[in-house]
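A.B. asks: The following block contains the structure, expressed as C-alpha cells.
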There are 2 protein chains.
Amino acid sequence: MNFISRDTDYAVRALMFMAKGEKGEIITVDEIVRREKLPERFLRRILQKLAKNDILVSYKGKDGGFSLSKDADRIRITDIINIFQGHVDFAKCLLKGRKCPNTNSCSFRKKLKDIGAYVNKELGKITIGSL
Amino acid sequence: MNFISRDTDYAVRALMFMAKGEKGEIITVDEIVRREKLPERFLRRILQKLAKNDILVSYKGKDGGFSLSKDADRIRITDIINIFQGHVDFAKCLLKGRKCPNTNSCSFRKKLKDIGAYVNKELGKITIGSL
DNA sequence: ATAAATGATACTATATTAGTATTATTAAGG
DNA sequence: CCTTAATAATACTAATATAGTATCATTTAT
Ligand code: FES
Ligand code: FES
C-alpha cells in the first residue's frame with residue numbers, strides 16, 4: 001500500500017525540476033519529459049491540473065509552456081497531495097450505508113485522527129523549495 | 001483517500017467486540033455479525049485471515065468459532081494493517097520499469113520516510129486492548 | 001498563415017477493493 | 001455413525017480507483 005500516488009509523485013518531480021530554473025522561467029512539457037522521463041500525455045494532464053489549481057501558470061501558443069506561479073518555498077507537498085489524492089482521511093467511519101453502531105464515541109477513530117493531524121502538519125512543512 | 005481500508009476496519013471492530021468477552025471465550029461469526037452489523041461472508045474471510053496470521057484461533061465443528069489467540073493488549077493495529085493492506089509504504093520510488101533518475105539521493109523520499117517511521121511507531125502503540 | 005505550444009475531454013486498460021457463492025472439512029452429541 | 005453446526009478453501013463477480021492514451025480545440029509569436 002502506497003501513501004503517495006503516481007500523479008502526486010510525478011507532479012512533485014516535475015515541480016522540483018522546474019524549481020531549479022530561474023524564477024518565473026517558462027518551461028515546456030517536452031523539456032520536462034526529456035529530463036525526467038515521464039509519460040508525456042499523462043504529465044500534460046498533471047500539469048494542466050496544477051495550472052488549474054494555481055500552482056503553475058500556463059502560457060499557450062508558440063513559446064508557451066508553464067512556470068511556477070509562486071516561490072517554490074510556498075508550494076507545500078500537502079497542496080499537491082490534496083489536488084491529486086483529495087484530503088487524506090486517516091479516520092473516517094467506513095460503514096457507509098448501514099448505521100454505524102458507535103459513530104461519535106469510537107476511540108479507534110479518535111486515535112487515528114491525532115496521528116493524521118500530525119502527518120498533515122509535518123507534510124505541510126515540506127515545500128518544493130526545501131527539496 | 002482513506003488510510004484505513006474496509007477489511008482492516010471490520011477486523012478491528014470484530015476484534016474489539018471479541019475483546020469485551022472473557023479471555024479465551026469462543027465466539028461465532030454469526031454473533032459478531034448480529035452485534036456489529038457487518039456483511040457475514042465478507043467477515044468470515046476476514047476472520048479466517050486473522051486466524052491464519054495467528055491473531056485468532058479457530059475451532060471447527062459444532063460449538064466452534066473463534067477466540068483471540070493472545071491478550072488484546074498484545075494485538076497492535078499495525079499488525080492488522082499489515083495483514084490486510086500490506087506494509088504501508090510512505091516512500092517508495094514509483095518509477096517502476098523506467099530508470100529512476102535519482103533513486104538514492106531523492107530528498108523527497110527521505111523526508112517521507114521519516115514521517116512514515118513516526119506513523120508506524122505511533123500506530124504500533126495502539127492495541128485492541130487500549131481501545 | 002503557420003508552427004508550436006497548452007486546454008478540454010473522452011476513452012481504455014489495469015489493479016485494487018469489496019463482496020458473494022460454492023463446496024469441503026471438522027467436531028460434538030445423540 | 002449420523003446429524004448438525006460450525007469454520008476452511010477457493011473461485012467468482014461487481015464496483016471503484018489508478019494509470020495512461022487519444023483526439024480535437026484553442027491560443028499566440030513570428
Ligand atoms: S465505527 Fe463508525 S465510527 Fe468507529
Ligand atoms: S524519484 Fe525514484 S527516488 Fe525520488
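Labels for the C-alpha cells follow display order: chains A, B, ..., residues from 1 in each chain, ligands from 1.
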Which neighbours of DA15 of chain C fall inside 10 Å, counting only C-alpha atoms (C1' of nucleotides), when residues of the same chain fewer than 3 positions from it are skipped, and could you give them as a list of chain:residue names?
C.D. replies: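 In the requested form, the answer reads D:DA17, D:DT18, D:DA19.
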A.B. asks: If the cut-off is 9 Å, can you tell me the residues of chain B near chain C, counting only C-alpha atoms (C1' of nucleotides)? I'd like them as a list in words.
C.D. replies: Ser5, Arg6, Asp7, Pro39, Arg41, Phe42, Tyr59, Lys60, Gly61, Lys62, Asp63 and Gly64 of chain B
A.B. asks: Counting only C-alpha atoms (C1' of nucleotides), collect the residues of chain B whose closest atom lies at most 12 Å from chain D, and write them out as a list in words.
C.D. replies: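 Taking only C-alpha atoms (C1' of nucleotides) into account, Met1, Asn2, Ile26, Ile27, Thr28, Val29, Asp30, Arg41, Arg44, Arg45, Leu47, Gln48, Lys49, Ala51, Lys52, Val57, Ser58, Tyr59, Lys60, Gly61, Lys62, Asp63, Gly64, Gly65, Phe66 and Leu94 of chain B sit within 12 Å of chain D.
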A.B. asks: Which chain B residues are at most 9 Å from chain A (counting only C-alpha atoms), as a PyMOL selection string?
C.D. replies: chain B and resi 1-6+9-10+12-13+35-38+85-95+98-101+106-108+111-112+115-116+118-119+122-123+126+128+130-131
A.B. asks: Could you turn the residues from that selection into a file that holds C-alpha atoms, as a PDB file, in the first residue's frame?
C.D. replies:
ATOM      1  CA  MET B   1      -8.279   8.962   0.038  1.00  0.00           C
ATOM      2  CA  ASN B   2      -8.640   6.730   3.036  1.00  0.00           C
ATOM      3  CA  PHE B   3      -5.767   5.460   5.058  1.00  0.00           C
ATOM      4  CA  ILE B   4      -7.683   2.553   6.573  1.00  0.00           C
ATOM      5  CA  SER B   5      -9.298   0.011   4.250  1.00  0.00           C
ATOM      6  CA  ARG B   6     -12.632  -1.654   4.778  1.00  0.00           C
ATOM      7  CA  ASP B   9     -11.694  -1.525   9.820  1.00  0.00           C
ATOM      8  CA  TYR B  10     -14.029  -4.530  10.021  1.00  0.00           C
ATOM      9  CA  VAL B  12     -10.570  -4.054  14.208  1.00  0.00           C
ATOM     10  CA  ARG B  13     -14.230  -3.770  15.076  1.00  0.00           C
ATOM     11  CA  ARG B  35     -23.875  -7.296  17.124  1.00  0.00           C
ATOM     12  CA  GLU B  36     -21.687  -5.322  14.737  1.00  0.00           C
ATOM     13  CA  LYS B  37     -23.867  -5.465  11.616  1.00  0.00           C
ATOM     14  CA  LEU B  38     -21.091  -6.461   9.245  1.00  0.00           C
ATOM     15  CA  GLN B  85      -3.078  -3.679   3.472  1.00  0.00           C
ATOM     16  CA  GLY B  86       0.481  -4.892   3.439  1.00  0.00           C
ATOM     17  CA  HIS B  87       3.345  -2.766   4.633  1.00  0.00           C
ATOM     18  CA  VAL B  88       2.331   0.872   4.433  1.00  0.00           C
ATOM     19  CA  ASP B  89       4.955   2.441   2.268  1.00  0.00           C
ATOM     20  CA  PHE B  90       5.285   6.158   2.669  1.00  0.00           C
ATOM     21  CA  ALA B  91       8.325   6.466   0.495  1.00  0.00           C
ATOM     22  CA  LYS B  92       8.729   4.189  -2.449  1.00  0.00           C
ATOM     23  CA  CYS B  93      10.020   5.161  -5.868  1.00  0.00           C
ATOM     24  CA  LEU B  94       7.060   4.980  -8.189  1.00  0.00           C
ATOM     25  CA  LEU B  95       9.063   4.895 -11.418  1.00  0.00           C
ATOM     26  CA  ARG B  98      11.806   3.093 -16.350  1.00  0.00           C
ATOM     27  CA  LYS B  99      15.020   4.074 -14.724  1.00  0.00           C
ATOM     28  CA  CYS B 100      14.616   6.415 -11.819  1.00  0.00           C
ATOM     29  CA  PRO B 101      16.853   9.405 -12.387  1.00  0.00           C
ATOM     30  CA  CYS B 106      15.917  11.683  -3.631  1.00  0.00           C
ATOM     31  CA  SER B 107      15.271  14.089  -0.773  1.00  0.00           C
ATOM     32  CA  PHE B 108      11.521  13.846  -1.144  1.00  0.00           C
ATOM     33  CA  LYS B 111      11.576  13.107   4.237  1.00  0.00           C
ATOM     34  CA  LEU B 112       8.579  10.882   3.653  1.00  0.00           C
ATOM     35  CA  ILE B 115       7.148  10.656   8.631  1.00  0.00           C
ATOM     36  CA  GLY B 116       6.310   7.043   7.822  1.00  0.00           C
ATOM     37  CA  TYR B 118       6.757   8.104  13.062  1.00  0.00           C
ATOM     38  CA  VAL B 119       3.319   6.927  11.945  1.00  0.00           C
ATOM     39  CA  GLU B 122       2.566   5.664  16.900  1.00  0.00           C
ATOM     40  CA  LEU B 123       0.208   3.134  15.337  1.00  0.00           C
ATOM     41  CA  ILE B 126      -2.352   1.365  19.721  1.00  0.00           C
ATOM     42  CA  ILE B 128      -7.017  -3.634  20.559  1.00  0.00           C
ATOM     43  CA  SER B 130      -6.320   0.032  24.525  1.00  0.00           C
ATOM     44  CA  LEU B 131      -9.464   0.853  22.560  1.00  0.00           C
TER      45      LEU B 131
END
A.B. asks: What is the distance between atom CA of Ile75 of chain B and atom CA of Ile55 of chain B, in Å to one decimal?
C.D. replies: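 So the two atoms, atom CA of Ile75 of chain B and atom CA of Ile55 of chain B, lie 7.3 Å apart.
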A.B. asks: In chain B, what's helix (DSSP H, G or I) per DSSP? Answer as a PyMOL selection string?
C.D. replies: chain B and resi 6-20+29-36+40-52+72-74+77-85+107-125
A.B. asks: For the residues selected in the previous step, produce a file with C-alpha atoms as a short mmCIF file (atom, residue, chain, number, x, y, z; two decimals), in the first residue's frame.
C.D. replies:
data_model
loop_
_atom_site.label_atom_id
_atom_site.label_comp_id
_atom_site.auth_asym_id
_atom_site.auth_seq_id
_atom_site.Cartn_x
_atom_site.Cartn_y
_atom_site.Cartn_z
CA ARG B 6 -12.63 -1.65 4.78
CA ASP B 7 -11.29 -5.02 5.85
CA THR B 8 -8.84 -3.50 8.32
CA ASP B 9 -11.69 -1.52 9.82
CA TYR B 10 -14.03 -4.53 10.02
CA ALA B 11 -11.26 -6.63 11.51
CA VAL B 12 -10.57 -4.05 14.21
CA ARG B 13 -14.23 -3.77 15.08
CA ALA B 14 -14.66 -7.53 15.27
CA LEU B 15 -11.59 -7.82 17.48
CA MET B 16 -12.76 -5.01 19.73
CA PHE B 17 -16.06 -6.82 20.16
CA MET B 18 -14.33 -10.11 20.91
CA ALA B 19 -12.04 -8.43 23.43
CA LYS B 20 -15.05 -7.47 25.51
CA VAL B 29 -19.12 -15.28 13.26
CA ASP B 30 -22.90 -15.04 13.44
CA GLU B 31 -22.68 -13.49 16.87
CA ILE B 32 -20.33 -10.76 15.64
CA VAL B 33 -22.49 -10.16 12.59
CA ARG B 34 -25.57 -9.72 14.77
CA ARG B 35 -23.87 -7.30 17.12
CA GLU B 36 -21.69 -5.32 14.74
CA GLU B 40 -21.42 -12.04 7.01
CA ARG B 41 -19.48 -13.75 4.23
CA PHE B 42 -17.02 -10.93 3.95
CA LEU B 43 -16.39 -11.01 7.68
CA ARG B 44 -15.90 -14.78 7.55
CA ARG B 45 -13.00 -14.33 5.16
CA ILE B 46 -11.56 -11.60 7.30
CA LEU B 47 -11.64 -13.76 10.43
CA GLN B 48 -10.11 -16.66 8.54
CA LYS B 49 -7.26 -14.45 7.53
CA LEU B 50 -6.82 -13.30 11.11
CA ALA B 51 -6.70 -16.94 12.17
CA LYS B 52 -4.06 -17.74 9.56
CA ALA B 72 -5.93 -7.92 23.46
CA ASP B 73 -3.18 -5.63 24.68
CA ARG B 74 -0.70 -7.52 22.57
CA ILE B 77 -3.23 -2.01 14.98
CA THR B 78 -0.15 -2.18 12.80
CA ASP B 79 -0.39 -5.99 12.85
CA ILE B 80 -3.90 -5.77 11.42
CA ILE B 81 -2.99 -3.12 8.86
CA ASN B 82 -0.06 -5.21 7.69
CA ILE B 83 -2.24 -8.27 7.25
CA PHE B 84 -4.87 -6.55 5.14
CA GLN B 85 -3.08 -3.68 3.47
CA SER B 107 15.27 14.09 -0.77
CA PHE B 108 11.52 13.85 -1.14
CA ARG B 109 11.61 10.16 -0.42
CA LYS B 110 13.94 10.70 2.51
CA LYS B 111 11.58 13.11 4.24
CA LEU B 112 8.58 10.88 3.65
CA LYS B 113 10.48 8.03 5.21
CA ASP B 114 10.85 9.92 8.48
CA ILE B 115 7.15 10.66 8.63
CA GLY B 116 6.31 7.04 7.82
CA ALA B 117 8.55 5.86 10.61
CA TYR B 118 6.76 8.10 13.06
CA VAL B 119 3.32 6.93 11.95
CA ASN B 120 4.28 3.29 12.24
CA LYS B 121 5.70 3.90 15.69
CA GLU B 122 2.57 5.66 16.90
CA LEU B 123 0.21 3.13 15.34
CA GLY B 124 2.24 0.39 16.95
CA LYS B 125 1.36 1.83 20.33
#
A.B. asks: If you run DSSP on the backbone here, which positions in chain A get strand (DSSP E)? Please write them as a PDB file with all heavy atoms, in the first residue's frame.
C.D. replies:
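Below is the file that was written, out.pdb:
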ATOM      1  N   LEU A  56       0.793  26.324 -11.023  1.00  0.00           N
ATOM      2  CA  LEU A  56       1.528  26.755 -12.211  1.00  0.00           C
ATOM      3  C   LEU A  56       0.733  27.827 -12.941  1.00  0.00           C
ATOM      4  O   LEU A  56      -0.476  27.951 -12.770  1.00  0.00           O
ATOM      5  CB  LEU A  56       1.742  25.567 -13.159  1.00  0.00           C
ATOM      6  CG  LEU A  56       2.592  24.398 -12.661  1.00  0.00           C
ATOM      7  CD1 LEU A  56       2.642  23.294 -13.708  1.00  0.00           C
ATOM      8  CD2 LEU A  56       3.992  24.862 -12.293  1.00  0.00           C
ATOM      9  N   VAL A  57       1.466  28.596 -13.781  1.00  0.00           N
ATOM     10  CA  VAL A  57       0.806  29.487 -14.727  1.00  0.00           C
ATOM     11  C   VAL A  57       1.076  28.904 -16.110  1.00  0.00           C
ATOM     12  O   VAL A  57       2.199  28.503 -16.392  1.00  0.00           O
ATOM     13  CB  VAL A  57       1.377  30.917 -14.654  1.00  0.00           C
ATOM     14  CG1 VAL A  57       0.686  31.814 -15.672  1.00  0.00           C
ATOM     15  CG2 VAL A  57       1.236  31.469 -13.259  1.00  0.00           C
ATOM     16  N   SER A  58       0.040  28.817 -16.940  1.00  0.00           N
ATOM     17  CA  SER A  58       0.252  28.263 -18.270  1.00  0.00           C
ATOM     18  C   SER A  58       0.278  29.374 -19.312  1.00  0.00           C
ATOM     19  O   SER A  58      -0.445  30.366 -19.198  1.00  0.00           O
ATOM     20  CB  SER A  58      -0.859  27.267 -18.600  1.00  0.00           C
ATOM     21  OG  SER A  58      -2.017  27.948 -19.011  1.00  0.00           O
ATOM     22  N   TYR A  59       1.120  29.189 -20.287  1.00  0.00           N
ATOM     23  CA  TYR A  59       1.191  30.118 -21.412  1.00  0.00           C
ATOM     24  C   TYR A  59       0.922  29.331 -22.675  1.00  0.00           C
ATOM     25  O   TYR A  59       1.706  28.430 -23.020  1.00  0.00           O
ATOM     26  CB  TYR A  59       2.581  30.769 -21.481  1.00  0.00           C
ATOM     27  CG  TYR A  59       2.924  31.548 -20.233  1.00  0.00           C
ATOM     28  CD1 TYR A  59       3.565  30.922 -19.167  1.00  0.00           C
ATOM     29  CD2 TYR A  59       2.585  32.898 -20.107  1.00  0.00           C
ATOM     30  CE1 TYR A  59       3.867  31.619 -18.011  1.00  0.00           C
ATOM     31  CE2 TYR A  59       2.891  33.597 -18.961  1.00  0.00           C
ATOM     32  CZ  TYR A  59       3.534  32.957 -17.904  1.00  0.00           C
ATOM     33  OH  TYR A  59       3.824  33.645 -16.755  1.00  0.00           O
ATOM     34  N   GLY A  65       4.298  27.447 -22.454  1.00  0.00           N
ATOM     35  CA  GLY A  65       4.785  26.441 -21.503  1.00  0.00           C
ATOM     36  C   GLY A  65       4.179  26.716 -20.135  1.00  0.00           C
ATOM     37  O   GLY A  65       3.088  27.286 -20.027  1.00  0.00           O
ATOM     38  N   PHE A  66       4.885  26.291 -19.113  1.00  0.00           N
ATOM     39  CA  PHE A  66       4.409  26.525 -17.755  1.00  0.00           C
ATOM     40  C   PHE A  66       5.491  27.193 -16.921  1.00  0.00           C
ATOM     41  O   PHE A  66       6.681  26.980 -17.160  1.00  0.00           O
ATOM     42  CB  PHE A  66       4.043  25.194 -17.081  1.00  0.00           C
ATOM     43  CG  PHE A  66       2.867  24.499 -17.677  1.00  0.00           C
ATOM     44  CD1 PHE A  66       3.030  23.542 -18.667  1.00  0.00           C
ATOM     45  CD2 PHE A  66       1.579  24.799 -17.243  1.00  0.00           C
ATOM     46  CE1 PHE A  66       1.938  22.892 -19.213  1.00  0.00           C
ATOM     47  CE2 PHE A  66       0.478  24.148 -17.780  1.00  0.00           C
ATOM     48  CZ  PHE A  66       0.661  23.193 -18.781  1.00  0.00           C
ATOM     49  N   SER A  67       5.058  27.987 -15.971  1.00  0.00           N
ATOM     50  CA  SER A  67       6.012  28.495 -14.986  1.00  0.00           C
ATOM     51  C   SER A  67       5.396  28.361 -13.600  1.00  0.00           C
ATOM     52  O   SER A  67       4.173  28.280 -13.454  1.00  0.00           O
ATOM     53  CB  SER A  67       6.350  29.961 -15.272  1.00  0.00           C
ATOM     54  OG  SER A  67       5.249  30.786 -14.951  1.00  0.00           O
ATOM     55  N   LEU A  68       6.227  28.311 -12.602  1.00  0.00           N
ATOM     56  CA  LEU A  68       5.721  28.264 -11.226  1.00  0.00           C
ATOM     57  C   LEU A  68       4.960  29.548 -10.940  1.00  0.00           C
ATOM     58  O   LEU A  68       5.400  30.634 -11.309  1.00  0.00           O
ATOM     59  CB  LEU A  68       6.881  28.119 -10.242  1.00  0.00           C
ATOM     60  CG  LEU A  68       7.713  26.842 -10.330  1.00  0.00           C
ATOM     61  CD1 LEU A  68       8.785  26.843  -9.239  1.00  0.00           C
ATOM     62  CD2 LEU A  68       6.840  25.606 -10.184  1.00  0.00           C
TER      63      LEU A  68
END
